[in-house]
Amino acid sequence: MDWGLALAGLIVGVVVGLTGMGGGALMTPILVLVFKVQPLAAVSSDLVASFFMKPLGALVHLRRGTVNFELVKWLCIGSVPSAFAGVFVLRALGGSQLQDRVKLALGYALMIAALGLILKTYMSLRERVRRRAAGLSVRTGGVSPTIVVRPVPTLIIGAVGGLVVGMTSVGSGSLIIIALIALYPMLQASNLVGTDLVQAVPLVAAAAAGHLLYGDFKLGVTASLLVGCMPGVYVGARMSAGAPGGLIRRALAFVLLASGLKLIGLSTVALAWVLVGIAVGGSAVWMWVRATHGLPALARTELKERQVRDAEELAEAADETSTVSPDLP
């Protein structure tokens, strides 16, 4: 038992519970960069750990009814066989440079996931502005609108996502959900996450089975991860209702991008300068984007304004009730 790995698993599990993003995008680079686990062993061990983590979130969404089973069917038709095949694609690309190729593939997958997360945040911002302009509540909820499932594009998303997951362990909770947002923009976030989590269970199982057959699975690494991940996912899910989601998403995108750049070989000095530039410039650009959409530049200002409006609405409702209600003896 490696308690350092267990602590890392706990942190990643909490983030997964809070954001709904896949653990592979964080755990695999942590194993490679921090704990110096070989990339192939890191990918396979993380996939086996994810096989035990995914059902927890999937059960929650099944109970809430936020799963589109038609989407799950077509995603799995594409993703399950391609995830299993991804392991053998790695083998075909093997040789003395196999570990380096896995490292590069993982790095590029993480950067794509970071960009996808930024895109998802921007689309959520636009949806909030649209709802406000229409006089609707900016809070998500209610019944998701009926959508027409497009089998062929959905199957392609599953196949491509499954291949990436099988090769890198990244994509089941990040790349696929971003592609679903682009293909089905009217589907609510809760339905997107629930659908993705349910289809990720057989997807991750297929990828994990392939890696088990390939022989690069490390039982000690996976067991240590599960000790931390399982309670972490539960705690994160319980915390998610009151967590500052915008801050968590920005931090997650920052970590994904940093890990991806490091894995593709960027030097430590260059990485530090790039991250400083992103932290400063990215914040300024996001404030400008919010302002151009008619929102306060700072999210906490919007939150305070919303709290004030909610308090005023409650006070007005209380006044109306006291005015129209007859006096009781």
# chains A, B, ... in the order shown; residues from 1 in each chain; ligands from 1
$ residues_around --residues "segment 276-282 of chain A" --least-positions-apart "2" --cutoff "12 Å" --atoms "only C-alpha atoms" --output "list of chain:residue names"
A:Ile118, A:Arg250, A:Ala251, A:Ala253, A:Phe254, A:Val255, A:Leu257, A:Ala258, A:Val269, A:Ala270, A:Leu271, A:Ala272, A:Trp273, A:Val274, A:Ala284, A:Val285, A:Trp286, A:Met287, A:Trp288, A:Val289
$ write_last_selection --atoms "C-alpha atoms" --output "PDB file, in the first residue's frame"
ATOM      1  CA  ILE A 118     -13.023  25.867 -21.795  1.00  0.00           C
ATOM      2  CA  ARG A 250     -10.908  26.907 -14.332  1.00  0.00           C
ATOM      3  CA  ALA A 251      -8.526  25.128 -11.969  1.00  0.00           C
ATOM      4  CA  ALA A 253      -8.543  23.243 -17.146  1.00  0.00           C
ATOM      5  CA  PHE A 254      -5.316  24.810 -15.831  1.00  0.00           C
ATOM      6  CA  VAL A 255      -4.093  21.485 -14.402  1.00  0.00           C
ATOM      7  CA  LEU A 257      -3.159  22.032 -19.772  1.00  0.00           C
ATOM      8  CA  ALA A 258      -0.086  22.082 -17.518  1.00  0.00           C
ATOM      9  CA  VAL A 269      11.206  27.015 -17.276  1.00  0.00           C
ATOM     10  CA  ALA A 270       9.175  27.347 -20.474  1.00  0.00           C
ATOM     11  CA  LEU A 271       6.173  25.689 -18.795  1.00  0.00           C
ATOM     12  CA  ALA A 272       6.356  28.146 -15.886  1.00  0.00           C
ATOM     13  CA  TRP A 273       6.314  31.148 -18.245  1.00  0.00           C
ATOM     14  CA  VAL A 274       3.452  29.690 -20.294  1.00  0.00           C
ATOM     15  CA  ALA A 284      -8.309  39.114 -18.417  1.00  0.00           C
ATOM     16  CA  VAL A 285      -9.771  37.529 -21.564  1.00  0.00           C
ATOM     17  CA  TRP A 286     -12.520  35.762 -19.590  1.00  0.00           C
ATOM     18  CA  MET A 287     -13.475  39.004 -17.820  1.00  0.00           C
ATOM     19  CA  TRP A 288     -13.719  40.663 -21.245  1.00  0.00           C
ATOM     20  CA  VAL A 289     -15.880  37.808 -22.577  1.00  0.00           C
TER      21      VAL A 289
END
$ residues_around --residues "Asn68 of chain A" --least-positions-apart "4" --cutoff "9 Å" --atoms "only C-alpha atoms" --output "PDB file with N, CA and C atoms, in the first residue's frame"
ATOM      1  N   VAL A  72     -26.817   6.244 -24.985  1.00  0.00           N
ATOM      2  CA  VAL A  72     -25.910   5.260 -24.386  1.00  0.00           C
ATOM      3  C   VAL A  72     -25.709   4.082 -25.334  1.00  0.00           C
ATOM      4  N   LYS A  73     -26.794   3.617 -25.954  1.00  0.00           N
ATOM      5  CA  LYS A  73     -26.707   2.453 -26.845  1.00  0.00           C
ATOM      6  C   LYS A  73     -25.754   2.712 -28.008  1.00  0.00           C
ATOM      7  N   ASN A 191     -28.207  15.648 -17.970  1.00  0.00           N
ATOM      8  CA  ASN A 191     -28.411  14.515 -18.861  1.00  0.00           C
ATOM      9  C   ASN A 191     -27.137  14.138 -19.613  1.00  0.00           C
ATOM     10  N   LEU A 192     -26.350  15.152 -19.973  1.00  0.00           N
ATOM     11  CA  LEU A 192     -25.069  14.882 -20.620  1.00  0.00           C
ATOM     12  C   LEU A 192     -24.148  14.088 -19.709  1.00  0.00           C
ATOM     13  N   GLY A 194     -24.951  12.369 -16.951  1.00  0.00           N
ATOM     14  CA  GLY A 194     -25.510  11.063 -16.627  1.00  0.00           C
ATOM     15  C   GLY A 194     -25.352  10.078 -17.763  1.00  0.00           C
ATOM     16  N   THR A 195     -25.633  10.514 -18.992  1.00  0.00           N
ATOM     17  CA  THR A 195     -25.477   9.646 -20.157  1.00  0.00           C
ATOM     18  C   THR A 195     -24.024   9.227 -20.336  1.00  0.00           C
TER      19      THR A 195
END
$ closest_residue --among "A:Lys36, A:Arg91, A:Lys54, A:His61" --to "Leu213 of chain A" --atoms "only C-alpha atoms"
A:Arg91
$ residues_around --residues "Val148 of chain A" --least-positions-apart "6" --cutoff "12 Å" --atoms "only C-alpha atoms" --output "tab-separated table (two decimals) with N, CA and C atoms, in the first residue's frame"
chain	number	residue	atom	x	y	z
A	68	ASN	N	-30.01	9.28	-21.01
A	68	ASN	CA	-30.64	9.02	-22.30
A	68	ASN	C	-30.12	7.67	-22.81
A	70	GLU	N	-30.97	5.84	-25.33
A	70	GLU	CA	-30.74	5.73	-26.77
A	70	GLU	C	-29.33	6.20	-27.12
A	71	LEU	N	-28.91	7.31	-26.50
A	71	LEU	CA	-27.54	7.79	-26.71
A	71	LEU	C	-26.53	6.79	-26.16
A	154	THR	N	-23.20	9.81	-33.51
A	154	THR	CA	-23.03	9.37	-32.13
A	154	THR	C	-22.12	8.15	-32.06
A	183	LEU	N	-22.80	18.08	-30.50
A	183	LEU	CA	-23.78	17.39	-31.34
A	183	LEU	C	-25.20	17.58	-30.85
A	184	TYR	N	-25.39	17.67	-29.51
A	184	TYR	CA	-26.73	17.82	-28.93
A	184	TYR	C	-26.73	19.02	-27.97
A	185	PRO	N	-26.68	20.24	-28.51
A	185	PRO	CA	-26.59	21.43	-27.64
A	185	PRO	C	-27.82	21.65	-26.77
A	186	MET	N	-28.98	21.07	-27.12
A	186	MET	CA	-30.19	21.27	-26.34
A	186	MET	C	-30.29	20.32	-25.15
A	187	LEU	N	-29.41	19.35	-25.06
A	187	LEU	CA	-29.44	18.40	-23.96
A	187	LEU	C	-28.88	19.04	-22.70
$ closest_residue --among "A:Gly57, A:Gly9, A:Pro296, A:Gly4" --to "Met27 of chain A" --atoms "only C-alpha atoms"
A:Gly9
$ closest_residue --among "A:Leu26, A:Gly65, A:Val48, A:Val201" --to "Leu10 of chain A" --atoms "only C-alpha atoms"
A:Leu26
$ atom_distance --atom1 "atom CA of Ala159 of chain A" --atom2 "atom CA of Arg63 of chain A"
27.3 Å
$ closest_residue --among "A:Leu155, A:Met111, A:Leu203, A:Val67" --to "Ala85 of chain A" --atoms "only C-alpha atoms"
A:Leu203
$ closest_residue --among "A:Cys76, A:Ala8, A:Val308, A:Val32" --to "Cys229 of chain A" --atoms "only C-alpha atoms"
A:Ala8
$ residues_around --residues "Val233 of chain A" --least-positions-apart "6" --cutoff "7 Å" --atoms "only C-alpha atoms" --output "NGL selection string"
:A and (13-14 or 16-17)
$ closest_residue --among "A:Pro151, A:Pro55, A:Gly236, A:Gly228" --to "Gly78 of chain A" --atoms "only C-alpha atoms"
A:Pro151
$ residues_around --residues "Ser45 of chain A" --least-positions-apart "5" --cutoff "8 Å" --atoms "only C-alpha atoms" --output "JSON, numbers by chain"
{"A": [217, 218, 219, 221, 222]}
$ write_last_selection --atoms "N, CA and C atoms" --output "JSON list (two decimals), in the first residue's frame"
[["chain", "number", "residue", "atom", "x", "y", "z"],
["A", 217, "PHE", "N", -0.67, -4.13, -16.16],
["A", 217, "PHE", "CA", -1.46, -3.72, -15.00],
["A", 217, "PHE", "C", -0.65, -3.93, -13.72],
["A", 218, "LYS", "N", -0.70, -2.94, -12.80],
["A", 218, "LYS", "CA", 0.01, -3.00, -11.52],
["A", 218, "LYS", "C", -1.02, -3.02, -10.39],
["A", 219, "LEU", "N", -1.16, -4.17, -9.74],
["A", 219, "LEU", "CA", -2.17, -4.32, -8.69],
["A", 219, "LEU", "C", -1.93, -3.37, -7.54],
["A", 221, "VAL", "N", -0.52, -0.42, -7.49],
["A", 221, "VAL", "CA", -0.87, 0.96, -7.85],
["A", 221, "VAL", "C", -2.38, 1.14, -7.83],
["A", 222, "THR", "N", -3.11, 0.19, -8.44],
["A", 222, "THR", "CA", -4.57, 0.31, -8.51],
["A", 222, "THR", "C", -5.20, 0.22, -7.12]]
$ residues_around --residues "Ala205 of chain A" --least-positions-apart "2" --cutoff "12 Å" --atoms "only C-alpha atoms" --output "CSV table (one decimal) with N, CA and C atoms, in the first residue's frame"
chain,number,residue,atom,x,y,z
A,44,SER,N,-3.1,1.7,-17.6
A,44,SER,CA,-3.8,0.5,-17.3
A,44,SER,C,-4.3,0.5,-15.9
A,46,ASP,N,-4.9,3.1,-14.0
A,46,ASP,CA,-6.0,4.1,-13.8
A,46,ASP,C,-7.3,3.6,-14.4
A,47,LEU,N,-7.2,2.9,-15.5
A,47,LEU,CA,-8.4,2.4,-16.1
A,47,LEU,C,-9.1,1.3,-15.3
A,48,VAL,N,-8.4,0.5,-14.6
A,48,VAL,CA,-9.0,-0.5,-13.7
A,48,VAL,C,-9.6,0.2,-12.5
A,49,ALA,N,-8.9,1.2,-12.0
A,49,ALA,CA,-9.5,2.0,-10.9
A,49,ALA,C,-10.8,2.7,-11.3
A,50,SER,N,-10.8,3.2,-12.5
A,50,SER,CA,-12.0,3.9,-13.0
A,50,SER,C,-13.1,3.0,-13.2
A,51,PHE,N,-12.9,1.7,-13.5
A,51,PHE,CA,-13.9,0.7,-13.6
A,51,PHE,C,-14.7,0.6,-12.3
A,52,PHE,N,-14.1,0.8,-11.2
A,52,PHE,CA,-14.8,0.7,-9.9
A,52,PHE,C,-15.4,2.1,-9.5
A,53,MET,N,-14.8,3.2,-10.1
A,53,MET,CA,-15.3,4.5,-9.7
A,53,MET,C,-16.6,4.9,-10.5
A,54,LYS,N,-16.6,4.6,-11.8
A,54,LYS,CA,-17.7,5.1,-12.7
A,54,LYS,C,-19.1,4.6,-12.2
A,55,PRO,N,-19.3,3.4,-11.8
A,55,PRO,CA,-20.6,3.0,-11.4
A,55,PRO,C,-21.2,3.8,-10.3
A,76,CYS,N,-22.1,3.2,-27.0
A,76,CYS,CA,-21.4,1.9,-26.6
A,76,CYS,C,-21.1,1.0,-27.8
A,79,SER,N,-17.9,2.7,-28.9
A,79,SER,CA,-16.8,2.9,-27.9
A,79,SER,C,-16.3,1.6,-27.4
A,80,VAL,N,-17.1,0.6,-27.1
A,80,VAL,CA,-16.6,-0.6,-26.4
A,80,VAL,C,-15.6,-1.4,-27.3
A,81,PRO,N,-15.9,-1.7,-28.5
A,81,PRO,CA,-14.9,-2.4,-29.3
A,81,PRO,C,-13.7,-1.6,-29.6
A,82,SER,N,-13.8,-0.3,-29.8
A,82,SER,CA,-12.7,0.6,-30.2
A,82,SER,C,-11.8,0.8,-28.9
A,83,ALA,N,-12.4,0.8,-27.7
A,83,ALA,CA,-11.6,0.9,-26.5
A,83,ALA,C,-10.7,-0.3,-26.3
A,84,PHE,N,-11.3,-1.5,-26.6
A,84,PHE,CA,-10.5,-2.7,-26.5
A,84,PHE,C,-9.4,-2.8,-27.5
A,162,GLY,N,-13.6,6.0,-27.6
A,162,GLY,CA,-13.1,4.8,-27.1
A,162,GLY,C,-11.7,4.4,-27.4
A,165,VAL,N,-9.5,6.5,-25.2
A,165,VAL,CA,-9.5,6.0,-23.8
A,165,VAL,C,-8.7,4.8,-23.7
A,166,GLY,N,-8.8,3.9,-24.7
A,166,GLY,CA,-8.0,2.6,-24.7
A,166,GLY,C,-6.5,2.9,-24.8
A,169,SER,N,-6.3,6.4,-21.5
A,169,SER,CA,-7.2,6.4,-20.3
A,169,SER,C,-7.9,7.7,-20.2
A,172,SER,N,-13.1,9.4,-21.4
A,172,SER,CA,-14.4,8.9,-21.0
A,172,SER,C,-15.3,9.9,-20.3
A,198,VAL,N,-22.9,6.6,-17.6
A,198,VAL,CA,-23.5,5.3,-17.8
A,198,VAL,C,-22.7,4.6,-19.0
A,199,GLN,N,-22.5,5.3,-20.1
A,199,GLN,CA,-21.9,4.6,-21.2
A,199,GLN,C,-20.4,4.4,-20.9
A,200,ALA,N,-19.8,5.1,-19.9
A,200,ALA,CA,-18.4,5.0,-19.6
A,200,ALA,C,-18.1,3.7,-18.8
A,201,VAL,N,-19.2,3.1,-18.2
A,201,VAL,CA,-18.9,1.9,-17.5
A,201,VAL,C,-18.5,0.7,-18.4
A,202,PRO,N,-19.3,0.4,-19.4
A,202,PRO,CA,-18.8,-0.7,-20.3
A,202,PRO,C,-17.5,-0.3,-21.1
A,203,LEU,N,-17.4,1.1,-21.4
A,203,LEU,CA,-16.3,1.6,-22.2
A,203,LEU,C,-15.0,1.3,-21.4
A,207,ALA,N,-11.7,-1.3,-22.1
A,207,ALA,CA,-10.3,-0.8,-22.1
A,207,ALA,C,-9.5,-1.4,-21.0
A,208,ALA,N,-10.1,-1.6,-19.8
A,208,ALA,CA,-9.3,-2.2,-18.7
A,208,ALA,C,-9.0,-3.7,-19.0
A,209,ALA,N,-10.0,-4.4,-19.6
A,209,ALA,CA,-9.8,-5.8,-20.0
A,209,ALA,C,-8.7,-5.9,-21.0
A,210,GLY,N,-8.6,-5.0,-22.0
A,210,GLY,CA,-7.5,-5.1,-22.9
A,210,GLY,C,-6.2,-4.9,-22.3
A,211,HIS,N,-6.1,-3.9,-21.3
A,211,HIS,CA,-4.8,-3.7,-20.6
A,211,HIS,C,-4.4,-4.9,-19.7
A,212,LEU,N,-5.4,-5.5,-19.1
A,212,LEU,CA,-5.2,-6.7,-18.3
A,212,LEU,C,-4.6,-7.8,-19.1
$ residues_around --residues "Leu106 of chain A" --least-positions-apart "4" --cutoff "10 Å" --atoms "only C-alpha atoms" --output "list in words"
Gly24, Ala25, Thr28, Pro29, Pro39, Val43, Asp100, Arg101, Val102, Leu110, Met111, Ile112, Val164, Val165, Met167, Thr168, Ser169, Val170, Ser259, Gly260, Leu263 and Ile264 of chain A
$ write_last_selection --atoms "N, CA and C atoms" --output "mmCIF file, in the first residue's frame"
data_model
loop_
_atom_site.group_PDB
_atom_site.id
_atom_site.type_symbol
_atom_site.label_atom_id
_atom_site.label_comp_id
_atom_site.auth_asym_id
_atom_site.auth_seq_id
_atom_site.Cartn_x
_atom_site.Cartn_y
_atom_site.Cartn_z
ATOM 1 N N GLY A 24 -9.175 9.961 -15.336
ATOM 2 C CA GLY A 24 -7.989 9.682 -16.127
ATOM 3 C C GLY A 24 -7.241 10.928 -16.548
ATOM 4 N N ALA A 25 -7.973 12.021 -16.782
ATOM 5 C CA ALA A 25 -7.335 13.259 -17.212
ATOM 6 C C ALA A 25 -6.441 13.845 -16.141
ATOM 7 N N THR A 28 -3.780 9.890 -14.418
ATOM 8 C CA THR A 28 -2.693 9.337 -15.213
ATOM 9 C C THR A 28 -1.472 10.250 -15.266
ATOM 10 N N PRO A 29 -1.628 11.562 -15.549
ATOM 11 C CA PRO A 29 -0.432 12.414 -15.508
ATOM 12 C C PRO A 29 0.185 12.515 -14.120
ATOM 13 N N PRO A 39 4.330 5.063 -18.292
ATOM 14 C CA PRO A 39 3.056 5.469 -18.892
ATOM 15 C C PRO A 39 2.077 4.333 -19.135
ATOM 16 N N VAL A 43 -1.566 4.095 -17.357
ATOM 17 C CA VAL A 43 -2.832 4.057 -18.099
ATOM 18 C C VAL A 43 -3.672 2.859 -17.681
ATOM 19 N N ASP A 100 7.362 6.436 -24.864
ATOM 20 C CA ASP A 100 7.378 7.844 -25.272
ATOM 21 C C ASP A 100 6.158 8.189 -26.110
ATOM 22 N N ARG A 101 5.726 7.251 -26.945
ATOM 23 C CA ARG A 101 4.553 7.514 -27.772
ATOM 24 C C ARG A 101 3.283 7.602 -26.928
ATOM 25 N N VAL A 102 3.178 6.740 -25.921
ATOM 26 C CA VAL A 102 2.043 6.817 -25.007
ATOM 27 C C VAL A 102 2.048 8.156 -24.275
ATOM 28 N N LEU A 110 -4.744 15.374 -23.180
ATOM 29 C CA LEU A 110 -5.025 16.261 -22.053
ATOM 30 C C LEU A 110 -5.235 17.697 -22.527
ATOM 31 N N MET A 111 -4.447 18.153 -23.476
ATOM 32 C CA MET A 111 -4.610 19.527 -23.972
ATOM 33 C C MET A 111 -5.935 19.690 -24.705
ATOM 34 N N ILE A 112 -6.344 18.662 -25.453
ATOM 35 C CA ILE A 112 -7.648 18.712 -26.114
ATOM 36 C C ILE A 112 -8.762 18.745 -25.069
ATOM 37 N N VAL A 164 -9.301 6.623 -27.993
ATOM 38 C CA VAL A 164 -8.437 7.485 -27.181
ATOM 39 C C VAL A 164 -8.365 6.967 -25.747
ATOM 40 N N VAL A 165 -9.503 6.532 -25.203
ATOM 41 C CA VAL A 165 -9.519 6.003 -23.840
ATOM 42 C C VAL A 165 -8.656 4.752 -23.741
ATOM 43 N N MET A 167 -6.093 3.969 -25.441
ATOM 44 C CA MET A 167 -4.676 4.262 -25.608
ATOM 45 C C MET A 167 -4.108 5.108 -24.470
ATOM 46 N N THR A 168 -4.942 5.978 -23.879
ATOM 47 C CA THR A 168 -4.406 6.955 -22.926
ATOM 48 C C THR A 168 -5.124 6.977 -21.585
ATOM 49 N N SER A 169 -6.289 6.361 -21.452
ATOM 50 C CA SER A 169 -7.199 6.401 -20.303
ATOM 51 C C SER A 169 -7.905 7.739 -20.165
ATOM 52 N N VAL A 170 -7.674 8.686 -21.068
ATOM 53 C CA VAL A 170 -8.310 10.009 -21.039
ATOM 54 C C VAL A 170 -9.424 10.042 -22.068
ATOM 55 N N SER A 259 -0.364 19.669 -17.308
ATOM 56 C CA SER A 259 0.068 18.279 -17.407
ATOM 57 C C SER A 259 0.339 17.891 -18.854
ATOM 58 N N GLY A 260 -0.544 18.316 -19.762
ATOM 59 C CA GLY A 260 -0.366 17.988 -21.172
ATOM 60 C C GLY A 260 0.905 18.583 -21.750
ATOM 61 N N LEU A 263 3.915 16.687 -20.458
ATOM 62 C CA LEU A 263 4.051 15.346 -21.027
ATOM 63 C C LEU A 263 4.572 15.362 -22.461
ATOM 64 N N ILE A 264 4.296 16.432 -23.214
ATOM 65 C CA ILE A 264 4.805 16.478 -24.591
ATOM 66 C C ILE A 264 6.237 16.999 -24.649
#
$ atom_distance --atom1 "atom CA of Thr121 of chain A" --atom2 "atom CA of Arg290 of chain A"
11.4 Å
$ atom_distance --atom1 "atom CA of Leu226 of chain A" --atom2 "atom CA of Leu31 of chain A"
13.6 Å
$ select_by_dssp --residues "segment 55-101 of chain A" --states "alpha helix (DSSP H)" --output "number ranges by chain"
A: 55-64, 69-92, 98-101
$ decode --residues "segment 140-221 of chain A" --atoms "C-alpha atoms" --output "JSON list (two decimals), in the first residue's frame"
[["chain", "number", "residue", "atom", "x", "y", "z"],
["A", 140, "THR", "CA", -30.40, 24.68, -14.59],
["A", 141, "GLY", "CA", -33.07, 22.13, -13.87],
["A", 142, "GLY", "CA", -36.35, 20.78, -15.04],
["A", 143, "VAL", "CA", -36.96, 18.29, -17.80],
["A", 144, "SER", "CA", -34.48, 18.12, -20.63],
["A", 145, "PRO", "CA", -36.04, 18.84, -24.05],
["A", 146, "THR", "CA", -36.70, 15.87, -26.30],
["A", 147, "ILE", "CA", -33.86, 15.32, -28.76],
["A", 148, "VAL", "CA", -33.60, 13.30, -31.95],
["A", 149, "VAL", "CA", -30.69, 10.88, -31.65],
["A", 150, "ARG", "CA", -28.35, 10.84, -34.66],
["A", 151, "PRO", "CA", -26.99, 7.27, -34.72],
["A", 152, "VAL", "CA", -24.05, 7.59, -37.13],
["A", 153, "PRO", "CA", -22.41, 10.72, -35.64],
["A", 154, "THR", "CA", -23.03, 9.37, -32.13],
["A", 155, "LEU", "CA", -21.44, 6.03, -33.03],
["A", 156, "ILE", "CA", -18.41, 7.87, -34.48],
["A", 157, "ILE", "CA", -18.03, 9.89, -31.27],
["A", 158, "GLY", "CA", -18.08, 6.67, -29.29],
["A", 159, "ALA", "CA", -15.56, 4.96, -31.58],
["A", 160, "VAL", "CA", -13.06, 7.84, -31.57],
["A", 161, "GLY", "CA", -13.50, 8.45, -27.84],
["A", 162, "GLY", "CA", -13.15, 4.77, -27.06],
["A", 163, "LEU", "CA", -9.92, 4.52, -29.06],
["A", 164, "VAL", "CA", -8.44, 7.48, -27.18],
["A", 165, "VAL", "CA", -9.52, 6.00, -23.84],
["A", 166, "GLY", "CA", -7.99, 2.63, -24.69],
["A", 167, "MET", "CA", -4.68, 4.26, -25.61],
["A", 168, "THR", "CA", -4.41, 6.95, -22.93],
["A", 169, "SER", "CA", -7.20, 6.40, -20.30],
["A", 170, "VAL", "CA", -8.31, 10.01, -21.04],
["A", 171, "GLY", "CA", -11.61, 10.82, -22.70],
["A", 172, "SER", "CA", -14.43, 8.87, -21.03],
["A", 173, "GLY", "CA", -15.41, 11.87, -18.89],
["A", 174, "SER", "CA", -13.98, 14.78, -20.86],
["A", 175, "LEU", "CA", -13.57, 14.32, -24.62],
["A", 176, "ILE", "CA", -16.80, 12.38, -25.19],
["A", 177, "ILE", "CA", -18.97, 14.75, -23.19],
["A", 178, "ILE", "CA", -17.55, 17.75, -25.08],
["A", 179, "ALA", "CA", -18.40, 16.07, -28.38],
["A", 180, "LEU", "CA", -21.93, 15.37, -27.12],
["A", 181, "ILE", "CA", -22.37, 19.04, -26.23],
["A", 182, "ALA", "CA", -21.46, 20.01, -29.79],
["A", 183, "LEU", "CA", -23.78, 17.39, -31.34],
["A", 184, "TYR", "CA", -26.73, 17.82, -28.93],
["A", 185, "PRO", "CA", -26.59, 21.43, -27.64],
["A", 186, "MET", "CA", -30.19, 21.27, -26.34],
["A", 187, "LEU", "CA", -29.44, 18.40, -23.96],
["A", 188, "GLN", "CA", -29.19, 19.57, -20.36],
["A", 189, "ALA", "CA", -25.90, 19.31, -18.49],
["A", 190, "SER", "CA", -27.27, 16.77, -16.01],
["A", 191, "ASN", "CA", -28.41, 14.51, -18.86],
["A", 192, "LEU", "CA", -25.07, 14.88, -20.62],
["A", 193, "VAL", "CA", -23.13, 13.90, -17.51],
["A", 194, "GLY", "CA", -25.51, 11.06, -16.63],
["A", 195, "THR", "CA", -25.48, 9.65, -20.16],
["A", 196, "ASP", "CA", -21.70, 9.88, -20.35],
["A", 197, "LEU", "CA", -21.19, 8.20, -16.97],
["A", 198, "VAL", "CA", -23.46, 5.26, -17.82],
["A", 199, "GLN", "CA", -21.85, 4.63, -21.21],
["A", 200, "ALA", "CA", -18.41, 4.99, -19.60],
["A", 201, "VAL", "CA", -18.92, 1.87, -17.46],
["A", 202, "PRO", "CA", -18.76, -0.69, -20.34],
["A", 203, "LEU", "CA", -16.27, 1.56, -22.16],
["A", 204, "VAL", "CA", -13.80, 1.59, -19.27],
["A", 205, "ALA", "CA", -14.43, -2.13, -18.64],
["A", 206, "ALA", "CA", -13.43, -2.95, -22.25],
["A", 207, "ALA", "CA", -10.32, -0.78, -22.10],
["A", 208, "ALA", "CA", -9.32, -2.21, -18.71],
["A", 209, "ALA", "CA", -9.80, -5.78, -19.99],
["A", 210, "GLY", "CA", -7.51, -5.06, -22.92],
["A", 211, "HIS", "CA", -4.80, -3.71, -20.64],
["A", 212, "LEU", "CA", -5.16, -6.66, -18.27],
["A", 213, "LEU", "CA", -4.55, -9.00, -21.21],
["A", 214, "TYR", "CA", -1.64, -6.88, -22.37],
["A", 215, "GLY", "CA", 0.11, -7.44, -19.03],
["A", 216, "ASP", "CA", 0.99, -3.88, -17.92],
["A", 217, "PHE", "CA", -1.46, -3.72, -15.00],
["A", 218, "LYS", "CA", 0.01, -3.00, -11.52],
["A", 219, "LEU", "CA", -2.17, -4.32, -8.69],
["A", 220, "GLY", "CA", -0.38, -2.32, -5.99],
["A", 221, "VAL", "CA", -0.87, 0.96, -7.85]]
